[in-house]
$ cat structure_39.txt   # compact mmCIF, C-alpha atoms
# COMPACT_ATOMS: atom_id res chain seq x y z
CA MET N 1 8.49 9.31 -2.46
CA SER N 2 6.05 9.87 -5.27
CA ASP N 3 7.38 11.78 -8.25
CA ASP N 4 3.87 12.19 -9.67
CA ASP N 5 2.63 14.18 -6.69
CA ALA N 6 5.93 15.27 -5.08
CA VAL N 7 4.96 13.79 -1.73
CA GLY N 8 6.90 11.75 0.75
CA PHE N 9 5.88 8.96 3.13
CA TRP N 10 8.35 8.29 5.94
CA ILE N 11 8.60 5.99 8.93
CA ILE N 12 10.68 7.80 11.56
CA THR N 13 12.13 5.81 14.46
CA PRO N 14 13.82 8.15 16.95
CA SER N 15 15.30 5.42 19.17
CA ASP N 16 16.72 1.93 18.65
CA GLU N 17 16.25 0.87 22.28
CA PHE N 18 13.54 -1.66 21.44
CA ARG N 19 15.16 -3.10 18.33
CA ILE N 20 16.42 -6.65 18.57
CA GLY N 21 20.09 -7.47 18.08
CA SER N 22 21.41 -3.91 18.63
CA PRO N 23 21.65 -1.05 16.08
CA HIS N 24 23.80 -3.26 13.82
CA LYS N 25 20.91 -5.60 13.17
CA GLN N 26 19.71 -5.20 9.60
CA GLY N 27 16.12 -5.61 8.48
CA LEU N 28 14.03 -5.04 5.40
CA THR N 29 12.28 -1.67 5.37
CA SER N 30 10.67 -2.05 1.98
CA HIS N 31 9.55 -4.89 -0.23
CA SER N 32 8.53 -4.80 -3.85
CA ILE N 33 5.89 -7.06 -5.32
CA SER N 34 6.39 -7.06 -9.05
CA THR N 35 3.08 -8.75 -9.86
CA ALA N 36 1.16 -5.95 -8.15
CA LEU N 37 3.60 -3.25 -9.28
CA CYS N 38 3.68 -1.82 -5.80
CA VAL N 39 6.10 -1.28 -2.95
CA ARG N 40 5.34 -1.91 0.69
CA LEU N 41 7.02 0.24 3.35
CA PHE N 42 7.09 -1.05 6.88
CA THR N 43 8.88 -0.86 10.17
CA MET N 44 9.94 -4.15 11.68
CA PHE N 45 10.18 -4.46 15.44
CA VAL N 46 11.13 -8.16 15.34
CA THR N 47 12.77 -9.76 12.33
CA SER N 48 15.24 -12.55 11.68
CA HIS N 49 16.55 -11.04 8.44
CA TYR N 50 20.37 -11.19 8.29
CA THR N 51 20.51 -13.30 11.46
CA GLY N 52 18.21 -16.26 10.94
CA LYS N 53 16.93 -18.34 13.81
CA ASP N 54 20.01 -17.55 15.92
CA ILE N 55 18.08 -14.51 17.17
CA ASN N 56 14.70 -16.19 17.57
CA THR N 57 13.14 -15.51 20.94
CA GLY N 58 11.95 -18.43 23.03
CA TYR N 59 9.43 -18.34 25.85
CA LYS N 60 9.18 -20.92 28.58
CA GLN N 61 5.78 -22.15 29.67
CA GLY N 62 4.33 -19.64 32.09
CA GLU N 63 7.09 -17.08 31.42
CA TYR N 64 6.00 -13.47 31.87
CA TRP N 65 7.31 -11.09 29.22
CA LYS N 66 6.45 -7.56 28.22
CA LYS N 67 8.14 -5.03 25.96
CA VAL N 68 7.23 -1.64 24.52
CA PHE N 69 7.88 -1.24 20.80
CA GLY N 70 8.03 2.35 19.61
CA PRO N 71 6.53 4.88 19.47
CA VAL N 72 7.38 5.58 15.84
CA LEU N 73 6.22 8.48 13.68
CA ILE N 74 4.49 8.19 10.32
CA TYR N 75 5.48 11.42 8.59
CA LEU N 76 4.09 12.76 5.31
CA ASN N 77 5.44 15.82 3.52
CA SER N 78 5.03 17.53 0.19
CA ALA N 79 6.95 19.89 -2.08
CA SER N 80 6.44 21.87 -5.23
CA LYS N 81 7.11 19.92 -8.40
CA ASP N 82 10.54 20.96 -9.60
CA ALA N 83 13.85 19.40 -10.45
CA ASP N 84 14.91 19.19 -6.78
CA HIS N 85 11.68 17.98 -5.17
CA ARG N 86 13.31 14.68 -4.13
CA LYS N 87 16.08 16.49 -2.27
CA THR N 88 13.56 18.85 -0.70
CA LEU N 89 11.48 15.96 0.62
CA TRP N 90 14.53 14.03 1.82
CA ASP N 91 16.09 17.01 3.60
CA ASP N 92 12.79 17.77 5.30
CA ALA N 93 12.44 14.16 6.46
CA LYS N 94 15.96 14.26 7.94
CA ARG N 95 15.13 17.53 9.70
CA GLN N 96 12.04 15.90 11.20
CA LEU N 97 14.10 12.90 12.30
CA SER N 98 16.51 15.19 14.17
CA GLU N 99 13.58 16.88 15.86
CA GLU N 100 12.10 13.55 16.97
CA ILE N 101 15.45 12.31 18.30
CA GLY N 102 15.69 15.50 20.35
CA SER N 103 12.23 14.85 21.80
CA TRP N 104 13.01 11.28 22.87
CA PRO N 105 11.77 9.85 25.16
CA TYR N 106 8.36 11.30 24.36
CA ASN N 107 6.48 12.78 27.30
CA PHE N 108 2.97 12.23 25.94
CA SER N 109 2.80 8.55 26.82
CA GLN N 110 0.68 7.78 29.88
CA SER N 111 1.76 4.14 30.05
CA GLU N 112 3.68 3.08 33.15
CA ASP N 113 5.70 0.83 30.84
CA PHE N 114 7.20 3.81 29.00
CA PRO N 115 9.42 5.81 31.40
CA HIS N 116 9.89 9.52 30.75
CA ALA N 117 13.29 11.24 30.74
CA GLU N 118 13.39 11.89 34.50
CA GLN N 119 12.65 8.21 35.11
CA ARG N 120 15.69 7.05 33.16
CA GLY N 121 19.44 6.94 33.79
CA GLU N 122 22.74 7.79 32.14
CA VAL N 123 26.15 6.09 31.88
CA SER N 124 29.36 7.77 30.75
CA GLY N 125 33.05 6.93 30.57
CA GLN N 126 36.06 6.56 28.30
CA LEU N 127 36.99 3.47 26.29
CA LEU N 128 40.68 2.75 25.76
CA VAL N 129 42.37 -0.09 23.87
CA LEU N 130 45.55 -1.91 24.85
CA ASP N 131 47.01 -4.00 22.02
CA ARG N 132 50.48 -4.62 23.38
CA PHE N 133 51.86 -5.96 20.10
CA ILE N 134 50.98 -2.74 18.26
CA ARG N 135 51.63 -0.08 20.89
CA LYS N 136 52.62 -0.23 24.54
CA GLU N 137 50.50 2.85 25.24
CA LEU N 138 46.76 2.93 25.64
CA VAL N 139 44.88 3.99 22.50
CA GLN N 140 41.71 6.06 22.60
CA ALA N 141 38.90 4.06 20.98
CA GLN N 142 37.53 6.48 18.41
CA ALA N 143 34.09 5.91 16.87
CA ALA N 144 33.73 2.65 18.80
CA PHE N 145 30.26 1.28 19.50
CA VAL N 146 29.50 1.14 23.23
CA GLY N 147 26.26 -0.14 24.65
CA LEU N 148 24.28 -1.43 27.60
CA ALA N 149 22.48 -4.73 27.09
CA PRO N 150 21.21 -7.53 29.34
CA PRO N 151 23.89 -9.50 31.24
CA GLY N 152 25.55 -12.21 29.17
CA ASP N 153 28.74 -13.25 27.46
CA ALA N 154 30.83 -10.92 25.31
CA GLY N 155 28.96 -10.38 22.05
CA SER N 156 25.71 -11.87 23.38
CA TRP N 157 23.88 -8.66 22.47
CA GLN N 158 23.90 -9.84 18.83
CA PHE N 159 21.47 -12.61 19.71
CA ASN N 160 19.22 -10.79 22.16
CA GLY N 161 15.69 -10.27 20.92
CA LYS N 162 13.72 -10.00 24.14
CA ASP N 163 15.15 -7.02 25.94
CA TYR N 164 16.13 -3.37 25.52
CA GLN N 165 19.57 -2.17 24.43
CA PHE N 166 21.13 1.30 24.53
CA TRP N 167 24.05 2.20 22.27
CA THR N 168 26.20 5.13 21.28
CA GLN N 169 29.52 5.84 19.55
CA THR N 170 32.61 7.22 21.22
CA ASP N 171 34.09 10.60 20.41
CA ASN N 172 37.67 11.27 19.26
CA ASN N 173 38.94 10.74 22.81
CA GLY N 174 37.08 7.50 23.36
CA GLY N 175 34.49 9.23 25.51
CA PHE N 176 30.93 7.95 25.58
CA ASN N 177 27.65 9.04 27.13
CA ILE N 178 24.67 6.69 26.95
CA ARG N 179 21.47 8.57 27.78
CA ASN N 180 17.83 7.76 28.45
CA ILE N 181 18.46 4.25 29.79
CA ARG N 182 15.48 2.39 31.17
CA PRO N 183 15.82 1.16 34.79
CA GLY N 184 17.25 -2.35 34.93
CA VAL N 185 20.41 -4.41 35.23
CA TYR N 186 22.91 -4.35 32.38
CA ASN N 187 26.43 -5.18 31.24
CA LEU N 188 28.59 -2.76 29.29
CA TYR N 189 29.64 -4.02 25.84
CA ALA N 190 31.70 -2.55 23.00
CA TRP N 191 33.48 -3.26 19.76
CA VAL N 192 36.17 -1.10 18.19
CA TYR N 193 36.85 -0.50 14.50
CA GLY N 194 40.29 -1.85 13.63
CA PHE N 195 40.37 -4.43 16.44
CA ILE N 196 38.95 -7.93 16.55
CA GLY N 197 36.66 -9.36 19.20
CA ASP N 198 34.16 -7.99 21.70
CA TYR N 199 34.58 -6.04 24.92
CA LYS N 200 32.48 -6.79 27.99
CA SER N 201 32.84 -5.15 31.37
CA ASP N 202 32.92 -7.37 34.45
CA LEU N 203 30.68 -4.87 36.21
CA SER N 204 26.96 -5.39 36.66
CA ILE N 205 25.39 -1.97 36.15
CA THR N 206 22.08 -1.20 37.84
CA ILE N 207 20.16 1.75 36.44
CA GLN N 208 17.66 3.51 38.68
CA PRO N 209 15.54 6.56 37.85
CA GLY N 210 17.71 9.67 37.67
CA ASN N 211 21.01 7.77 37.92
CA LYS N 212 24.11 9.32 36.35
CA ILE N 213 26.96 6.83 36.50
CA ASN N 214 30.51 7.66 35.41
CA LEU N 215 32.60 4.54 34.86
CA GLY N 216 35.84 6.42 34.30
CA SER N 217 38.28 4.71 31.94
CA VAL N 218 37.56 1.16 30.80
CA ILE N 219 40.22 -0.81 28.92
CA TYR N 220 39.68 -3.30 26.12
CA ASP N 221 42.42 -5.90 25.59
CA PRO N 222 41.55 -7.42 22.19
CA PRO N 223 42.34 -11.07 21.40
CA ARG N 224 45.98 -11.52 20.40
CA ASN N 225 48.66 -14.14 21.11
CA GLY N 226 51.62 -12.71 19.22
CA PRO N 227 52.93 -10.20 16.68
CA THR N 228 51.29 -9.99 13.25
CA LEU N 229 52.95 -11.92 10.42
CA TRP N 230 50.33 -10.86 7.85
CA GLU N 231 46.71 -9.83 7.64
CA ILE N 232 43.89 -9.75 5.09
CA GLY N 233 41.07 -7.20 5.31
CA ILE N 234 40.00 -4.68 7.94
CA PRO N 235 38.49 -5.63 11.33
CA ASP N 236 35.16 -3.84 10.80
CA ARG N 237 32.61 -6.70 10.89
CA SER N 238 31.92 -6.25 7.18
CA ALA N 239 33.12 -7.70 3.88
CA ALA N 240 32.74 -4.36 2.10
CA GLU N 241 36.48 -3.85 1.65
CA PHE N 242 36.86 -6.99 -0.47
CA TYR N 243 36.32 -7.41 -4.20
CA ILE N 244 32.71 -6.82 -5.22
CA PRO N 245 32.18 -7.64 -8.91
CA ASP N 246 30.05 -5.78 -11.41
CA PRO N 247 26.51 -7.15 -11.68
CA TYR N 248 25.09 -8.88 -14.71
CA PRO N 249 23.78 -6.19 -17.12
CA THR N 250 20.23 -7.56 -16.92
CA PHE N 251 20.20 -7.21 -13.12
CA VAL N 252 21.67 -3.72 -12.72
CA ASN N 253 19.92 -1.59 -10.10
CA SER N 254 20.55 2.06 -10.91
CA LEU N 255 20.10 3.02 -7.23
CA CYS N 256 23.14 0.97 -6.20
CA LEU N 257 25.84 2.04 -8.64
CA ASN N 258 28.01 3.88 -6.13
CA ASP N 259 30.83 2.00 -4.42
CA ALA N 260 29.18 2.14 -1.00
CA ASP N 261 26.08 0.27 -2.21
CA LYS N 262 27.55 -1.88 -4.95
CA TYR N 263 27.15 -5.07 -2.91
CA ARG N 264 23.37 -4.59 -2.99
CA GLN N 265 23.20 -5.55 -6.67
CA TYR N 266 21.38 -8.79 -7.39
CA GLY N 267 23.15 -12.02 -8.27
CA LEU N 268 26.72 -11.02 -7.39
CA TRP N 269 27.41 -14.41 -5.77
CA GLU N 270 26.97 -16.06 -9.18
CA ARG N 271 29.88 -14.02 -10.53
CA TYR N 272 32.30 -16.17 -8.53
CA SER N 273 31.79 -19.04 -10.98
CA ASP N 274 32.41 -16.68 -13.90
CA ILE N 275 35.65 -15.31 -12.50
CA TYR N 276 36.94 -18.62 -11.10
CA ARG N 277 35.59 -20.86 -13.80
CA HIS N 278 38.13 -23.68 -13.57
CA SER N 279 39.87 -23.22 -10.23
CA ASP N 280 39.30 -21.47 -6.94
CA LEU N 281 40.70 -18.30 -5.43
CA VAL N 282 44.41 -18.12 -4.57
CA PHE N 283 45.67 -15.19 -2.52
CA THR N 284 49.42 -14.58 -2.21
CA VAL N 285 50.46 -12.50 0.78
CA GLY N 286 52.63 -9.57 -0.27
CA VAL N 287 51.54 -9.83 -3.90
CA SER N 288 47.73 -9.96 -3.96
CA ASN N 289 45.48 -7.07 -3.01
CA TYR N 290 42.42 -7.97 -0.94
CA SER N 291 40.29 -5.23 -2.51
CA ARG N 292 40.95 -6.74 -5.93
CA ASP N 293 41.83 -10.40 -5.37
CA TRP N 294 39.65 -11.55 -2.44
CA PHE N 295 36.05 -12.21 -3.50
CA TYR N 296 33.51 -10.77 -1.06
CA ALA N 297 31.75 -14.09 -0.41
CA HIS N 298 33.11 -17.64 -0.16
CA VAL N 299 30.38 -19.53 -2.02
CA PRO N 300 30.10 -22.77 -4.07
CA ARG N 301 31.16 -22.90 -7.71
CA HIS N 302 28.94 -23.91 -10.63
CA THR N 303 30.44 -26.72 -12.71
CA GLY N 304 27.66 -27.00 -15.28
CA ASN N 305 24.25 -28.66 -15.45
CA THR N 306 23.16 -26.76 -12.30
CA THR N 307 25.79 -28.68 -10.34
CA LEU N 308 27.48 -26.94 -7.41
CA ARG N 309 30.70 -28.02 -5.76
CA PRO N 310 32.46 -26.98 -2.54
CA THR N 311 35.28 -24.49 -2.94
CA THR N 312 38.74 -24.28 -1.41
CA TRP N 313 40.51 -20.95 -1.17
CA GLN N 314 44.26 -20.79 -0.68
CA ILE N 315 46.39 -18.28 1.21
CA LYS N 316 50.03 -18.56 0.18
CA PHE N 317 52.74 -16.92 2.28
CA ASN N 318 56.44 -17.15 2.91
CA LEU N 319 58.13 -17.67 6.29
CA GLN N 320 61.81 -16.84 6.57
CA ASP N 321 62.06 -18.62 9.91
CA VAL N 322 59.79 -21.05 11.75
CA ASN N 323 59.55 -21.59 15.49
CA LYS N 324 58.90 -25.33 15.48
CA ARG N 325 58.32 -25.43 19.23
CA GLY N 326 56.12 -22.37 19.36
CA THR N 327 52.41 -21.89 18.82
CA TYR N 328 51.09 -19.71 16.02
CA THR N 329 47.55 -18.28 15.96
CA LEU N 330 45.24 -17.78 13.01
CA GLN N 331 42.65 -15.15 13.90
CA LEU N 332 39.69 -15.83 11.61
CA ALA N 333 36.81 -13.35 11.83
CA LEU N 334 33.61 -13.87 9.85
CA ALA N 335 31.20 -11.10 8.87
CA ALA N 336 28.43 -13.52 7.87
CA ALA N 337 27.63 -17.21 7.55
CA SER N 338 24.76 -18.82 5.67
CA TYR N 339 24.25 -22.58 5.97
CA ALA N 340 28.04 -22.90 5.90
CA HIS N 341 30.70 -25.30 7.13
CA LEU N 342 34.26 -24.00 6.99
CA GLN N 343 37.32 -26.23 7.32
CA VAL N 344 40.92 -25.06 7.74
CA ARG N 345 44.02 -27.04 6.79
CA PHE N 346 47.70 -26.10 6.90
CA ASN N 347 50.02 -27.22 4.09
CA ASP N 348 48.05 -30.41 3.49
CA PRO N 349 44.88 -29.98 1.40
CA ASP N 350 44.23 -33.73 1.39
CA ALA N 351 44.28 -34.25 5.15
CA ILE N 352 41.25 -36.35 6.02
CA ARG N 353 40.71 -34.48 9.25
CA PRO N 354 40.91 -30.69 9.02
CA HIS N 355 43.03 -28.87 11.56
CA PHE N 356 39.97 -26.78 12.44
CA THR N 357 36.29 -26.81 11.57
CA THR N 358 33.48 -24.42 12.38
CA ARG N 359 30.98 -27.23 11.87
CA ARG N 360 27.61 -26.15 10.52
CA ILE N 361 27.09 -22.41 11.16
CA GLY N 362 24.83 -19.52 10.20
CA TYR N 363 21.33 -18.75 9.07
CA ASP N 364 21.75 -15.06 8.26
CA ASN N 365 21.26 -15.42 4.49
CA ALA N 366 23.29 -12.25 3.88
CA VAL N 367 24.43 -13.56 0.48
CA ALA N 368 20.93 -14.07 -0.88
CA ARG N 369 19.58 -10.84 0.61
CA HIS N 370 22.32 -8.71 -0.92
CA GLY N 371 23.88 -7.92 2.44
CA ILE N 372 27.51 -7.39 3.38
CA HIS N 373 27.36 -8.62 6.96
CA GLY N 374 25.26 -10.75 9.26
CA LEU N 375 26.29 -12.07 12.67
CA TYR N 376 29.92 -11.64 13.70
CA ARG N 377 32.00 -14.68 14.61
CA LEU N 378 35.63 -14.89 15.71
CA TYR N 379 37.74 -18.03 15.79
CA SER N 380 41.22 -17.98 17.38
CA ILE N 381 42.86 -21.06 15.89
CA THR N 382 46.11 -22.22 17.50
CA VAL N 383 48.64 -23.92 15.22
CA ALA N 384 51.67 -25.91 16.36
CA GLY N 385 54.87 -24.59 14.80
CA PHE N 386 55.79 -27.94 13.23
CA ARG N 387 52.88 -27.55 10.80
CA PHE N 388 54.74 -24.72 9.06
CA LYS N 389 57.99 -24.82 7.12
CA LYS N 390 60.67 -22.38 6.12
CA GLY N 391 59.76 -20.92 2.72
CA GLU N 392 56.35 -21.17 1.08
CA ASN N 393 53.31 -22.23 3.12
CA THR N 394 49.64 -22.53 2.25
CA ILE N 395 46.47 -22.29 4.31
CA PHE N 396 43.47 -24.02 2.74
CA LEU N 397 39.98 -22.70 3.55
CA THR N 398 37.29 -25.11 2.38
CA GLN N 399 33.60 -24.22 2.47
CA ILE N 400 32.11 -27.69 2.12
CA LYS N 401 28.39 -26.87 1.97
CA SER N 402 27.02 -26.63 -1.58
CA ASP N 403 23.30 -27.31 -1.22
CA SER N 404 22.56 -23.97 -2.89
CA SER N 405 24.33 -20.95 -4.35
CA TYR N 406 23.64 -19.08 -1.12
CA CYS N 407 25.67 -21.37 1.14
CA GLY N 408 28.82 -19.60 2.22
CA VAL N 409 30.64 -17.20 4.48
CA MET N 410 31.78 -13.61 4.26
CA TYR N 411 35.14 -12.95 5.85
CA ASP N 412 35.72 -9.90 7.98
CA TYR N 413 39.43 -10.24 8.69
CA ILE N 414 42.19 -12.87 8.79
CA ARG N 415 45.48 -12.54 10.67
CA LEU N 416 48.37 -14.91 11.29
CA GLU N 417 50.26 -14.28 14.53
CA GLU N 418 53.68 -15.68 15.29
CA PRO N 419 54.53 -17.12 18.74
CA SER N 420 55.01 -14.59 21.50
CA VAL N 421 58.62 -14.43 22.71
$ encode --input "structure_39.txt" --output "structure tokens"
Amino acid sequence: MSDDDAVGFWIITPSDEFRIGSPHKQGLTSHSISTALCVRLFTMFVTSHYTGKDINTGYKQGEYWKKVFGPVLIYLNSASKDADHRKTLWDDAKRQLSEEIGSWPYNFSQSEDFPHAEQRGEVSGQLLVLDRFIRKELVQAQAAFVGLAPPGDAGSWQFNGKDYQFWTQTDNNGGFNIRNIRPGVYNLYAWVYGFIGDYKSDLSITIQPGNKINLGSVIYDPPRNGPTLWEIGIPDRSAAEFYIPDPYPTFVNSLCLNDADKYRQYGLWERYSDIYRHSDLVFTVGVSNYSRDWFYAHVPRHTGNTTLRPTTWQIKFNLQDVNKRGTYTLQLALAAASYAHLQVRFNDPDAIRPHFTTRRIGYDNAVARHGIHGLYRLYSITVAGFRFKKGENTIFLTQIKSDSSYCGVMYDYIRLEEPSV
């Protein structure tokens, strides 16, 4: 928007079907160039922002590939110069967006590669969740993301950059209706707020022109090996619920002062070294509060003279009883990883070999690009009961990469499960 002339310039994208990596994939839609004192607005059809090369598309020699990007609408509007001209322009742009979404797929295209509404299909159904250690009854998956994407493993849609994807959110009863699907062969995928992991249907779904397929009820059985002993965070594929510090005064962006956008402030990762100047984060289950005591990003710590060192976070918890013959499970979900290497140890921080290691993971650069999530990763780590003891226990999480301040992970959710009886 231009305040001088009270005009707006908008890029309106009525469908995400051609976007890579699903609707969750983030990308830059503007870029400022301080030397030229200008801002560039653009729409990105293919971008590796917040994913890195994990989503790069590869093409074999002689491979035939074709994809339609768009159409998108460049929309300009104007308003009278008054105190509310920004709101007027914004509200009008949102109205136009709704109108374009209602017109999708456009009927003006004459290309055989862009099917019109009657040449597309529709898939509906109901998504239910069965987490037997929470409730024995089926739970309606409210506001879950459900989509059709090319056949692959559960969660493979995150890395798909070549093909089309079609997504929607469920209603209060878990119902979903995915419309305007291009003809092709797909799998049904989903993820549900409040539950870890990814759902994938075993069915191969073939869409033909005019198809209306009702799948009935589909049931997601999220990863779980036993009852919850404790948990940190919310399973929402984001680190937004954790502690986000105030920015340095010289870097404050007035557009991001509200709680929802606070993570977008510049340089927040550097605040870790200010807060934990001499020792790393320690979280005590039952005492600490993750919104106050769990830093949003596990990054290296500055020790002076531009030196960075790996950091080890501790989770302290008490066990009244220990099943020495049983198997415990640490569910470790990551919201982002940037040039990271995470190691996990139980009650022995000096063990030469960690109990678990992710090895080198992630190129999403969510830390440096002021994001709060990148690619989702879930690790179900089994732990023999003899590694725990009655009384106080400690889990050590060591992020060993410290090549730059941006190396690190963002946690989504951590849960310790006791053995199933």
$ residues_around --input "structure_39.txt" --residues "Asp403 in chain N" --least-positions-apart "3" --cutoff "9 Å" --atoms "all atoms listed in the file" --output "PyMOL selection string"
chain N and resi 300+308-309+339+406-407
$ residues_near_point --input "structure_39.txt" --point "(46.8, -13.5, -1.1)" --cutoff "10 Å" --atoms "only C-alpha atoms" --output "list in words"
Trp230, Glu231, Ile232, Leu281, Val282, Phe283, Thr284, Val285, Gly286, Val287, Ser288, Asn289, Tyr290, Asp293, Trp294, Trp313, Gln314, Ile315, Lys316 and Phe317 of chain N
$ atom_distance --input "structure_39.txt" --atom1 "CA of Ile244 in chain N" --atom2 "CA of Trp90 in chain N"
28.5 Å
$ atom_distance --input "structure_39.txt" --atom1 "CA of Thr13 in chain N" --atom2 "CA of Ile74 in chain N"
9.0 Å
$ closest_residue --input "structure_39.txt" --among "N:Arg135, N:Lys94, N:Arg86, N:Lys324" --to "Ile11 in chain N" --atoms "only C-alpha atoms"
N:Lys94
$ build_atoms --input "structure_39.txt" --residues "range 83-90 of chain N" --atoms "all heavy atoms" --output "compact mmCIF listing (two decimals), in the coordinates of the input"
# COMPACT_ATOMS: atom_id res chain seq x y z
N ALA N 83 12.75 20.34 -10.21
CA ALA N 83 13.85 19.40 -10.45
C ALA N 83 14.43 18.85 -9.16
O ALA N 83 15.01 17.77 -9.14
CB ALA N 83 14.95 20.08 -11.28
N ASP N 84 14.29 19.59 -8.04
CA ASP N 84 14.91 19.19 -6.78
C ASP N 84 13.89 18.73 -5.74
O ASP N 84 14.17 18.74 -4.55
CB ASP N 84 15.72 20.36 -6.20
CG ASP N 84 16.96 20.67 -7.02
OD1 ASP N 84 17.48 19.74 -7.65
OD2 ASP N 84 17.38 21.83 -7.02
N HIS N 85 12.69 18.32 -6.17
CA HIS N 85 11.68 17.98 -5.17
C HIS N 85 12.10 16.76 -4.33
O HIS N 85 11.74 16.67 -3.16
CB HIS N 85 10.31 17.76 -5.81
CG HIS N 85 10.20 16.50 -6.62
ND1 HIS N 85 10.46 16.46 -7.97
CD2 HIS N 85 9.85 15.23 -6.27
CE1 HIS N 85 10.28 15.24 -8.42
NE2 HIS N 85 9.90 14.48 -7.42
N ARG N 86 12.85 15.83 -4.91
CA ARG N 86 13.31 14.68 -4.13
C ARG N 86 14.21 15.12 -2.99
O ARG N 86 14.07 14.66 -1.84
CB ARG N 86 14.05 13.69 -5.04
CG ARG N 86 13.18 12.96 -6.03
CD ARG N 86 13.99 11.93 -6.79
NE ARG N 86 13.19 11.18 -7.74
CZ ARG N 86 13.67 10.19 -8.49
NH1 ARG N 86 14.95 9.86 -8.40
NH2 ARG N 86 12.88 9.55 -9.33
N LYS N 87 15.17 16.00 -3.30
CA LYS N 87 16.08 16.49 -2.27
C LYS N 87 15.33 17.29 -1.22
O LYS N 87 15.62 17.18 -0.01
CB LYS N 87 17.18 17.35 -2.91
CG LYS N 87 18.25 17.82 -1.93
CD LYS N 87 19.34 18.60 -2.63
CE LYS N 87 20.49 18.93 -1.69
NZ LYS N 87 20.04 19.69 -0.50
N THR N 88 14.36 18.06 -1.64
CA THR N 88 13.56 18.85 -0.70
C THR N 88 12.83 17.94 0.28
O THR N 88 12.84 18.16 1.50
CB THR N 88 12.56 19.73 -1.45
OG1 THR N 88 13.27 20.62 -2.33
CG2 THR N 88 11.71 20.54 -0.48
N LEU N 89 12.20 16.90 -0.23
CA LEU N 89 11.48 15.96 0.62
C LEU N 89 12.43 15.22 1.55
O LEU N 89 12.15 15.04 2.75
CB LEU N 89 10.71 14.96 -0.25
CG LEU N 89 9.56 15.53 -1.10
CD1 LEU N 89 9.05 14.48 -2.06
CD2 LEU N 89 8.44 16.04 -0.20
N TRP N 90 13.56 14.79 1.03
CA TRP N 90 14.53 14.03 1.82
C TRP N 90 15.12 14.89 2.93
O TRP N 90 15.21 14.46 4.08
CB TRP N 90 15.61 13.48 0.90
CG TRP N 90 16.75 12.78 1.56
CD1 TRP N 90 18.08 13.09 1.48
CD2 TRP N 90 16.68 11.61 2.41
NE1 TRP N 90 18.83 12.21 2.20
CE2 TRP N 90 18.00 11.29 2.79
CE3 TRP N 90 15.65 10.82 2.88
CZ2 TRP N 90 18.30 10.21 3.62
CZ3 TRP N 90 15.93 9.75 3.71
CH2 TRP N 90 17.26 9.45 4.07
